[in-house]
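Here is upload17.txt, consisting of compact mmCIF, C-alpha atoms:
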# COMPACT_ATOMS: atom_id res chain seq x y z
CA MET A 1 -60.43 -66.36 -113.55
CA ILE A 2 -59.94 -62.67 -114.05
CA ILE A 3 -59.56 -62.20 -110.33
CA PHE A 4 -56.95 -64.93 -110.25
CA LEU A 5 -55.00 -63.34 -113.07
CA SER A 6 -55.14 -59.94 -111.35
CA VAL A 7 -53.78 -61.42 -108.13
CA LEU A 8 -51.06 -63.24 -110.05
CA ILE A 9 -50.02 -60.08 -111.91
CA SER A 10 -49.90 -58.13 -108.63
CA PHE A 11 -47.78 -60.84 -107.00
CA ILE A 12 -45.38 -60.88 -109.95
CA ALA A 13 -45.14 -57.05 -109.79
CA VAL A 14 -44.29 -57.14 -106.06
CA ILE A 15 -41.63 -59.78 -106.64
CA PHE A 16 -40.16 -57.71 -109.46
CA LEU A 17 -40.20 -54.52 -107.34
CA TYR A 18 -38.51 -56.33 -104.43
CA ALA A 19 -35.84 -57.65 -106.79
CA VAL A 20 -35.19 -54.16 -108.14
CA ILE A 21 -34.94 -52.68 -104.63
CA ARG A 22 -32.77 -55.54 -103.43
CA ASP A 23 -30.43 -55.15 -106.38
CA LYS A 24 -30.17 -51.39 -105.77
CA THR A 25 -29.48 -51.97 -102.04
CA ILE A 26 -26.78 -54.48 -102.84
CA ARG A 27 -25.16 -52.03 -105.25
CA ASN A 28 -25.31 -49.33 -102.58
CA PHE A 29 -23.75 -51.65 -100.04
CA LYS A 30 -21.04 -52.53 -102.51
CA ARG A 31 -20.29 -48.86 -103.15
CA PHE A 32 -20.27 -48.23 -99.37
CA PHE A 33 -17.74 -50.99 -98.70
CA VAL A 34 -15.57 -49.81 -101.61
CA ARG A 35 -15.53 -46.32 -100.13
CA VAL A 36 -14.77 -47.63 -96.62
CA ALA A 37 -11.99 -49.77 -98.05
CA GLU A 38 -10.47 -46.68 -99.64
CA LEU A 39 -10.69 -44.77 -96.35
CA VAL A 40 -8.96 -47.51 -94.36
CA ASN A 41 -6.48 -48.15 -97.15
CA VAL A 42 -7.32 -51.81 -97.97
CA PRO A 43 -8.08 -53.40 -101.38
CA ASP A 44 -11.63 -52.63 -102.54
CA ASP A 45 -12.34 -56.30 -103.23
CA SER A 46 -11.61 -57.28 -99.61
CA PRO A 47 -14.29 -59.23 -97.73
CA PRO A 48 -16.76 -56.97 -95.86
CA SER A 49 -15.81 -58.51 -92.51
CA TYR A 50 -12.15 -57.58 -93.07
CA VAL A 51 -13.08 -54.05 -94.12
CA LEU A 52 -15.25 -53.58 -91.01
CA GLU A 53 -12.56 -54.97 -88.70
CA THR A 54 -9.96 -52.63 -90.24
CA LEU A 55 -12.41 -49.75 -89.84
CA ARG A 56 -12.91 -50.61 -86.17
CA LYS A 57 -9.17 -50.65 -85.55
CA THR A 58 -8.76 -47.34 -87.37
CA ILE A 59 -11.47 -45.74 -85.24
CA THR A 60 -9.83 -47.12 -82.08
CA ASN A 61 -6.45 -45.70 -83.14
CA LEU A 62 -8.03 -42.32 -83.88
CA GLU A 63 -9.67 -42.31 -80.45
CA ASP A 64 -6.30 -43.08 -78.82
CA GLU A 65 -4.60 -40.32 -80.80
CA LEU A 66 -7.35 -37.88 -79.86
CA ALA A 67 -7.00 -38.82 -76.19
CA MET A 68 -3.23 -38.32 -76.41
CA ALA A 69 -3.70 -34.95 -78.11
CA GLN A 70 -6.15 -33.92 -75.39
CA LYS A 71 -3.73 -35.05 -72.68
CA SER A 72 -0.89 -33.18 -74.38
CA ARG A 73 -3.02 -30.04 -74.53
CA GLU A 74 -3.93 -30.36 -70.86
CA ASN A 75 -0.27 -30.88 -69.97
CA THR A 76 0.70 -27.80 -71.95
CA MET A 77 -1.97 -25.72 -70.21
CA THR A 78 -0.81 -27.02 -66.81
CA LEU A 79 2.79 -26.11 -67.62
CA LEU A 80 1.79 -22.63 -68.74
CA ASP A 81 -0.34 -22.16 -65.63
CA ASN A 82 2.59 -23.08 -63.41
CA ILE A 83 4.97 -20.57 -64.98
CA VAL A 84 5.38 -17.78 -62.44
CA ASP A 85 5.56 -15.07 -65.12
CA PRO A 86 2.27 -13.83 -66.61
CA ILE A 87 1.55 -15.00 -70.18
CA LEU A 88 -1.26 -13.87 -72.50
CA PHE A 89 -2.27 -15.08 -75.98
CA VAL A 90 -4.25 -12.44 -77.87
CA ASP A 91 -6.04 -12.48 -81.23
CA SER A 92 -4.34 -9.66 -83.13
CA SER A 93 -7.36 -8.85 -85.29
CA THR A 94 -9.98 -8.59 -82.53
CA GLY A 95 -7.84 -7.94 -79.46
CA GLU A 96 -9.59 -10.81 -77.70
CA ILE A 97 -7.62 -12.64 -75.03
CA LEU A 98 -7.58 -16.34 -75.95
CA PHE A 99 -5.51 -17.57 -73.02
CA ALA A 100 -4.20 -16.16 -69.75
CA ASN A 101 -2.23 -18.28 -67.31
CA THR A 102 -2.80 -18.10 -63.56
CA ALA A 103 -0.08 -15.49 -63.03
CA ALA A 104 -1.61 -13.26 -65.72
CA GLN A 105 -5.03 -13.45 -64.10
CA LYS A 106 -3.55 -12.06 -60.90
CA ILE A 107 -2.33 -8.86 -62.54
CA SER A 108 -5.52 -8.12 -64.45
CA ARG A 109 -9.23 -8.23 -63.95
CA PRO A 110 -10.74 -11.63 -63.05
CA ILE A 111 -11.56 -14.15 -65.83
CA VAL A 112 -9.60 -12.33 -68.52
CA ALA A 113 -10.11 -15.02 -71.20
CA THR A 114 -12.54 -13.93 -73.96
CA LYS A 115 -12.24 -10.30 -72.87
CA LYS A 116 -10.63 -7.60 -74.96
CA ILE A 117 -7.12 -6.68 -73.94
CA TYR A 118 -8.10 -3.09 -73.14
CA GLU A 119 -10.79 -4.42 -70.80
CA ALA A 120 -8.38 -6.64 -68.88
CA LEU A 121 -5.27 -4.44 -68.66
CA GLU A 122 -5.85 -0.93 -67.36
CA ASP A 123 -2.56 0.49 -68.58
CA TYR A 124 -2.46 2.93 -71.48
CA TYR A 125 1.18 2.17 -72.26
CA LEU A 126 0.46 -1.60 -72.59
CA ILE A 127 -2.43 -0.92 -74.98
CA GLU A 128 -0.18 1.34 -77.05
CA MET A 129 2.45 -1.42 -77.17
CA PHE A 130 -0.16 -3.91 -78.36
CA ASP A 131 -1.42 -1.57 -81.08
CA GLU A 132 2.14 -0.91 -82.26
CA THR A 133 2.90 -4.65 -82.30
CA VAL A 134 -0.14 -5.31 -84.51
CA ARG A 135 0.57 -2.31 -86.76
CA SER A 136 4.30 -2.94 -87.32
CA TRP A 137 4.24 -6.71 -86.76
CA GLN A 138 7.48 -6.29 -84.83
CA VAL A 139 8.43 -7.31 -81.29
CA GLN A 140 7.80 -4.53 -78.75
CA GLU A 141 9.42 -4.28 -75.30
CA GLY A 142 9.02 -1.97 -72.34
CA ASN A 143 8.76 -1.61 -68.55
CA VAL A 144 5.50 -0.97 -66.75
CA ILE A 145 4.22 -0.47 -63.22
CA ILE A 146 1.13 -2.49 -62.30
CA TYR A 147 -0.66 -2.44 -58.97
CA VAL A 148 -1.36 -6.00 -57.86
CA GLU A 149 -3.59 -6.35 -54.79
CA GLY A 150 -2.83 -2.75 -53.88
CA ARG A 151 0.96 -3.16 -54.08
CA LYS A 152 3.13 -1.50 -56.70
CA ARG A 153 5.02 -4.04 -58.82
CA TYR A 154 7.48 -3.51 -61.65
CA TYR A 155 7.29 -5.65 -64.81
CA SER A 156 9.24 -5.90 -68.01
CA CYS A 157 6.89 -6.66 -70.90
CA LYS A 158 7.55 -8.20 -74.31
CA MET A 159 4.91 -8.52 -77.06
CA ILE A 160 5.73 -11.04 -79.79
CA PRO A 161 3.70 -11.28 -83.04
CA VAL A 162 3.16 -14.89 -84.19
CA LEU A 163 1.81 -16.11 -87.55
CA LEU A 164 0.18 -19.54 -87.17
CA PRO A 165 0.42 -22.22 -89.92
CA LYS A 166 -3.12 -21.57 -91.20
CA GLY A 167 -2.56 -17.83 -91.47
CA GLU A 168 -4.11 -16.83 -88.12
CA LYS A 169 -2.31 -14.04 -86.30
CA ARG A 170 -1.65 -13.99 -82.56
CA VAL A 171 0.28 -11.78 -80.17
CA VAL A 172 2.07 -13.46 -77.28
CA ILE A 173 2.48 -11.11 -74.30
CA LEU A 174 5.15 -12.04 -71.75
CA PHE A 175 5.62 -10.28 -68.40
CA HIS A 176 8.57 -10.66 -66.05
CA ASP A 177 8.30 -9.45 -62.45
CA MET A 178 11.23 -7.09 -61.80
CA THR A 179 10.02 -5.92 -58.38
CA LYS A 180 12.75 -7.66 -56.40
CA GLU A 181 15.44 -6.29 -58.71
CA TYR A 182 14.03 -2.78 -58.35
CA GLU A 183 13.83 -3.12 -54.58
CA LEU A 184 17.38 -4.48 -54.38
CA ASN A 185 18.66 -1.62 -56.52
CA GLU A 186 16.83 0.84 -54.30
CA MET A 187 18.27 -0.81 -51.19
CA ARG A 188 21.74 -0.71 -52.77
CA ARG A 189 21.43 2.99 -53.56
CA GLU A 190 20.11 3.68 -50.07
CA PHE A 191 22.91 1.62 -48.54
CA VAL A 192 25.64 3.47 -50.45
CA SER A 193 24.03 6.78 -49.53
CA ASN A 194 23.83 5.81 -45.86
CA VAL A 195 27.41 4.53 -45.70
CA SER A 196 28.65 7.68 -47.39
CA HIS A 197 26.73 9.84 -44.94
CA GLU A 198 27.82 7.84 -41.90
CA LEU A 199 31.47 8.08 -42.90
CA ARG A 200 31.33 11.67 -44.08
CA THR A 201 30.13 13.03 -40.72
CA PRO A 202 33.03 11.74 -38.54
CA LEU A 203 35.54 12.39 -41.31
CA THR A 204 34.41 16.01 -41.53
CA SER A 205 34.77 16.39 -37.77
CA ILE A 206 38.19 14.76 -37.70
CA HIS A 207 39.43 16.86 -40.60
CA GLY A 208 38.06 20.09 -39.15
CA TYR A 209 39.46 19.68 -35.68
CA ALA A 210 42.81 18.34 -36.92
CA GLU A 211 43.14 21.32 -39.26
CA THR A 212 42.35 23.71 -36.40
CA LEU A 213 45.01 22.09 -34.21
CA LEU A 214 47.60 22.37 -36.96
CA ASN A 215 46.83 26.01 -37.67
CA ASP A 216 46.89 27.06 -34.03
CA PRO A 217 50.01 25.74 -32.31
CA GLU A 218 49.48 28.16 -29.40
CA MET A 219 46.06 26.73 -28.52
CA ASP A 220 45.44 26.42 -24.80
CA PRO A 221 45.78 22.88 -23.38
CA ASP A 222 42.10 22.50 -22.39
CA THR A 223 40.83 23.34 -25.86
CA ARG A 224 43.49 21.16 -27.45
CA ASN A 225 42.50 18.21 -25.27
CA ARG A 226 38.81 18.75 -26.05
CA PHE A 227 39.56 18.73 -29.77
CA LEU A 228 41.73 15.64 -29.48
CA THR A 229 38.99 13.88 -27.51
CA ILE A 230 36.49 14.65 -30.28
CA ILE A 231 38.93 13.33 -32.88
CA GLU A 232 39.41 10.15 -30.84
CA ASN A 233 35.65 9.64 -30.39
CA GLU A 234 34.93 10.18 -34.08
CA SER A 235 37.74 7.82 -35.06
CA ALA A 236 36.33 5.18 -32.70
CA ARG A 237 32.90 5.71 -34.23
CA MET A 238 34.30 5.14 -37.72
CA SER A 239 36.06 2.00 -36.52
CA ARG A 240 32.81 0.64 -35.04
CA LEU A 241 30.96 1.39 -38.26
CA ILE A 242 33.57 -0.32 -40.45
CA ASN A 243 33.84 -3.31 -38.12
CA ASP A 244 30.05 -3.71 -38.03
CA LEU A 245 29.87 -3.44 -41.82
CA LEU A 246 32.51 -6.12 -42.25
CA ASP A 247 30.88 -8.34 -39.63
CA LEU A 248 27.45 -8.00 -41.24
CA GLU A 249 28.86 -8.73 -44.68
CA ARG A 250 30.56 -11.89 -43.41
CA LEU A 251 27.38 -13.00 -41.67
CA GLU A 252 25.13 -12.45 -44.69
CA SER A 253 27.56 -13.97 -47.17
CA GLY A 254 28.00 -17.10 -45.05
CA GLU A 255 31.73 -16.53 -44.62
CA ALA A 256 31.40 -16.17 -40.85
CA HIS A 257 32.01 -19.53 -39.18
CA PHE A 258 29.48 -20.70 -36.59
CA ASP A 259 30.56 -23.31 -34.07
CA PHE A 260 27.30 -24.93 -32.98
CA GLN A 261 27.43 -26.61 -29.59
CA LYS A 262 25.10 -27.24 -26.66
CA ILE A 263 24.74 -23.85 -24.93
CA ASP A 264 23.18 -22.97 -21.58
CA LEU A 265 21.33 -19.71 -22.25
CA CYS A 266 21.32 -18.77 -18.56
CA SER A 267 25.13 -18.73 -18.51
CA ILE A 268 25.07 -16.55 -21.64
CA ALA A 269 22.62 -14.14 -20.02
CA LYS A 270 24.61 -13.96 -16.75
CA TYR A 271 27.76 -13.12 -18.68
CA VAL A 272 25.97 -10.35 -20.58
CA MET A 273 24.55 -8.98 -17.31
CA SER A 274 28.04 -8.74 -15.85
CA ILE A 275 29.17 -6.70 -18.87
CA VAL A 276 26.25 -4.23 -18.94
CA GLU A 277 25.93 -3.71 -15.17
CA PRO A 278 28.44 -0.79 -15.08
CA LEU A 279 26.71 0.76 -18.09
CA SER A 280 23.26 0.50 -16.48
CA ASN A 281 24.60 2.12 -13.33
CA ASP A 282 26.16 4.98 -15.30
CA TYR A 283 22.89 5.62 -17.16
CA GLY A 284 20.68 5.23 -14.11
CA VAL A 285 18.75 2.28 -15.54
CA LYS A 286 17.66 -0.58 -13.31
CA ILE A 287 18.19 -3.98 -14.92
CA SER A 288 16.61 -7.29 -13.85
CA PHE A 289 17.15 -10.86 -14.97
CA ASP A 290 14.92 -13.95 -14.93
CA CYS A 291 15.95 -17.27 -16.43
CA GLN A 292 14.67 -20.83 -16.69
CA ASP A 293 17.07 -23.66 -17.37
CA VAL A 294 17.20 -23.72 -21.18
CA THR A 295 19.75 -25.39 -23.46
CA VAL A 296 20.00 -24.84 -27.21
CA THR A 297 22.42 -25.72 -29.98
CA GLY A 298 24.15 -22.51 -30.97
CA ASP A 299 27.32 -20.48 -31.35
CA GLN A 300 28.23 -19.09 -27.93
CA ASP A 301 30.07 -15.97 -29.11
CA ARG A 302 27.33 -15.02 -31.59
CA LEU A 303 24.56 -15.54 -29.03
CA ILE A 304 26.46 -13.31 -26.59
CA GLN A 305 26.83 -10.71 -29.36
CA MET A 306 23.10 -10.90 -30.14
CA LEU A 307 21.92 -10.57 -26.53
CA LEU A 308 24.53 -7.92 -25.64
CA ASN A 309 23.41 -5.79 -28.58
CA LEU A 310 19.74 -5.97 -27.56
CA VAL A 311 20.42 -5.22 -23.88
CA ASP A 312 22.91 -2.44 -24.67
CA ASN A 313 20.35 -0.74 -26.92
CA ALA A 314 17.61 -1.14 -24.30
CA ILE A 315 19.73 0.48 -21.57
CA LYS A 316 20.90 3.40 -23.72
CA TYR A 317 17.50 4.29 -25.14
CA THR A 318 15.72 3.84 -21.82
CA SER A 319 18.17 6.33 -20.29
CA LEU A 320 16.87 8.94 -22.75
CA LYS A 321 13.41 8.87 -21.20
CA ASP A 322 12.66 12.20 -19.54
CA THR A 323 10.25 11.02 -16.85
CA GLY A 324 9.05 7.79 -15.26
CA GLU A 325 10.83 4.62 -14.25
CA LYS A 326 13.81 3.43 -16.24
CA LYS A 327 13.92 -0.37 -16.27
CA VAL A 328 15.24 -3.12 -18.52
CA LYS A 329 14.25 -6.75 -18.01
CA VAL A 330 15.85 -9.82 -19.57
CA SER A 331 13.91 -13.06 -19.35
CA ILE A 332 14.64 -16.51 -20.75
CA SER A 333 12.00 -19.24 -20.89
CA LYS A 334 10.95 -22.05 -23.18
CA SER A 335 7.94 -23.48 -24.95
CA GLU A 336 7.57 -27.04 -26.23
CA SER A 337 9.79 -26.37 -29.24
CA HIS A 338 11.62 -23.07 -28.71
CA ALA A 339 13.79 -21.16 -26.28
CA ILE A 340 12.33 -17.69 -25.79
CA ILE A 341 14.53 -14.67 -25.03
CA GLU A 342 12.80 -11.38 -24.20
CA VAL A 343 14.45 -8.01 -23.70
CA SER A 344 11.92 -5.40 -22.58
CA ASP A 345 12.38 -1.82 -21.50
CA THR A 346 10.37 1.17 -20.29
CA GLY A 347 12.02 3.51 -22.76
CA PRO A 348 10.46 6.07 -25.12
CA GLY A 349 9.13 3.35 -27.47
CA MET A 350 8.78 3.48 -31.24
CA PRO A 351 5.94 4.43 -33.62
CA GLN A 352 4.18 1.51 -35.32
CA GLU A 353 5.32 2.54 -38.80
CA ALA A 354 8.96 2.11 -37.69
CA LEU A 355 8.59 -1.53 -36.64
CA ASN A 356 8.59 -2.89 -40.20
CA ARG A 357 12.00 -1.33 -40.89
CA ILE A 358 13.70 -1.60 -37.52
CA PHE A 359 15.99 -4.43 -38.73
CA ASP A 360 17.05 -2.62 -41.93
CA ARG A 361 20.62 -1.46 -42.26
CA PHE A 362 21.19 2.09 -40.99
CA TYR A 363 17.53 2.59 -40.16
CA ARG A 364 17.05 4.82 -37.15
CA VAL A 365 13.80 5.84 -35.53
CA ASP A 366 15.40 8.99 -34.14
CA LYS A 367 18.60 9.76 -36.04
CA GLY A 368 19.73 12.49 -33.66
CA ARG A 369 19.41 10.35 -30.55
CA SER A 370 20.94 7.31 -32.26
CA ARG A 371 24.08 9.18 -33.25
CA LYS A 372 24.26 10.70 -29.79
CA MET A 373 24.37 7.16 -28.36
CA GLY A 374 27.23 6.29 -30.73
CA GLY A 375 25.44 3.54 -32.66
CA SER A 376 26.35 2.52 -36.20
CA GLY A 377 22.79 1.75 -37.28
CA LEU A 378 23.78 -1.85 -38.05
CA GLY A 379 23.33 -3.51 -34.66
CA LEU A 380 19.81 -4.82 -35.16
CA SER A 381 20.64 -6.01 -38.68
CA ILE A 382 23.45 -8.06 -37.18
CA VAL A 383 21.13 -9.35 -34.46
CA LYS A 384 18.55 -10.52 -37.00
CA THR A 385 21.19 -12.22 -39.14
CA ILE A 386 22.53 -14.11 -36.10
CA VAL A 387 19.00 -15.21 -35.19
CA ASP A 388 18.37 -16.32 -38.78
CA ARG A 389 21.57 -18.39 -38.79
CA HIS A 390 20.22 -20.17 -35.69
CA ASP A 391 16.97 -20.94 -37.58
CA GLY A 392 15.19 -18.63 -35.16
CA GLU A 393 12.74 -15.75 -35.31
CA ILE A 394 12.86 -12.23 -33.91
CA SER A 395 9.96 -9.85 -33.42
CA VAL A 396 9.40 -6.49 -31.77
CA GLU A 397 6.48 -4.83 -30.02
CA SER A 398 6.57 -1.19 -29.00
CA GLU A 399 4.35 1.63 -27.85
CA LEU A 400 5.31 5.29 -27.68
CA GLY A 401 5.89 6.43 -24.11
CA VAL A 402 5.49 2.89 -22.75
CA GLY A 403 8.47 0.86 -23.94
CA THR A 404 9.72 -1.83 -26.30
CA THR A 405 10.03 -5.63 -26.17
CA PHE A 406 12.24 -7.70 -28.48
CA THR A 407 11.41 -11.43 -28.57
CA VAL A 408 13.82 -14.04 -29.94
CA LYS A 409 12.73 -17.64 -30.49
CA ILE A 410 15.40 -20.29 -31.10
CA PRO A 411 14.53 -23.96 -31.80
CA LEU A 412 15.38 -26.31 -28.95
CA LYS A 413 16.36 -28.96 -31.50
CA ARG A 414 18.47 -27.98 -34.47
CA ASN A 415 18.61 -29.91 -37.73
CA GLU A 416 21.66 -32.18 -37.53
CA ASN A 417 22.55 -31.34 -41.13
CA ASN A 418 23.09 -27.73 -40.01
CA GLU A 419 25.16 -28.44 -36.93
CA ASN A 420 28.32 -26.94 -38.37
CA VAL A 421 28.02 -23.91 -40.60

Whole structure given in structure tokens:
Amino acid sequence: MIIFLSVLISFIAVIFLYAVIRDKTIRNFKRFFVRVAELVNVPDDSPPSYVLETLRKTITNLEDELAMAQKSRENTMTLLDNIVDPILFVDSSTGEILFANTAAQKISRPIVATKKIYEALEDYYLIEMFDETVRSWQVQEGNVIIYVEGRKRYYSCKMIPVLLPKGEKRVVILFHDMTKEYELNEMRREFVSNVSHELRTPLTSIHGYAETLLNDPEMDPDTRNRFLTIIENESARMSRLINDLLDLERLESGEAHFDFQKIDLCSIAKYVMSIVEPLSNDYGVKISFDCQDVTVTGDQDRLIQMLLNLVDNAIKYTSLKDTGEKKVKVSISKSESHAIIEVSDTGPGMPQEALNRIFDRFYRVDKGRSRKMGGSGLGLSIVKTIVDRHDGEISVESELGVGTTFTVKIPLKRNENNENV
């Protein structure tokens, strides 16, 4: 009996304990659903199934918003990476680089993100600008020279302090590559200097000899004729220079009209040969000609001008050679896609460092010899511009004491949209 009562009491105690726990669990569940209802903004007496369904939808919407935010961030990073100007975001308090687009990574040490700015940019002036930006919290601007892959480049730099909504401070560093502008300005200054020099020399001669003639009316006829000949030659030289300048300007600006038609290059070459033959005889230069049947779409007058300029230069400079054979060869052939025009000579040749500038305006390998030959220094610039307008390419190979070869490649088929320029 006692044992039975003990078992009964224990059973009643377990039932009571289970009821207590179950009641507490139910209360906890009720509090949980009330809290979830508040979070998803539904009435707290809503059925649990409705609360859970609303919670599921809310989570789904949050996941979608998070995915959109991530996509937006990736799009922003892609846009920043595709900006050609370097951009850096820097923590103003630590100097740590938080972001560097692709262009910025090319002007600094590799993997600049997470590095300090003074570790990534080896320029004292830039570090000073950054320190001044942080100290004054004002925009700083300046110009710097940075060597990128061994080449000097000019940049304008702007550092902009930015206060973020949560109080964090950043410095946005913007670079703009000014190299082309600097190079164009340098070319412009050099061009003005060269034009002034080229005009000053004949003008000085003309003025000097004309003044002498005026002050000496009793001058003997031979001297007078010599002076007048010099004045005539210098005037002609000035006229050639001015005409070449105007022609080059029209070509480069696109004002010069090109009448593109089917042209037989052999007929062009034969015509040029007939013009330069007396010149080659006078200078003692043997000229040869080899031509395949090649037809291109081009402007006949400009192609004659281009080839005549190359052959004329070859004859004149080959004649300056002191010893050895003096020959100029013109050959015209074709590949699968291009007509190939080669003008080679056995002249004095050019040093390798001159080949990169040979098509620049007024550039002369030997200034004394060039002026002696009466050139304006613009001929090869005009040649290159004519070749460019025909969608072609021109190259030069030369060796001192051996000779020079100019090679022009013109497409056999021209884009129909460019037939008339």

> How would you write as a ChimeraX atom specification the residues that get within 10 Å of (18.8, -1.2, -22.5) in the file's frame, counting all atoms listed in the file?
Replying inline: /A:276,279-280,283,285-287,308-319,326-330,343-347,404

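For the atom pair formed by CA of Val144 (chain A) and CA of Val162 (chain A), the distance is 22.4 Å, given to one decimal.
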
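Nearest residue to Lys158 (chain A) among A:Glu122, A:Asp85, A:Asp391, A:Glu211 is A:Asp85, counting only C-alpha atoms.
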
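Here the question is which of A:Glu336, A:Glu96, A:Glu128, A:Asp360 gets nearest to Lys413 (chain A) using only C-alpha atoms, and that residue is A:Glu336.
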
> What does the distance from CA of Asn101 (chain A) to CA of Lys115 (chain A) come to in Å, to one decimal?
Replying inline: 14.0 Å

>> Report as a PyMOL selection string all protein, DNA and RNA residues lying within 12 Å of Tyr271 (chain A), evaluated on all atoms listed in the file, omitting residues in the same chain fewer than 5 positions from it.
In response: chain A and resi 264-266+276-277+289+300-301+303-305+307-308+311
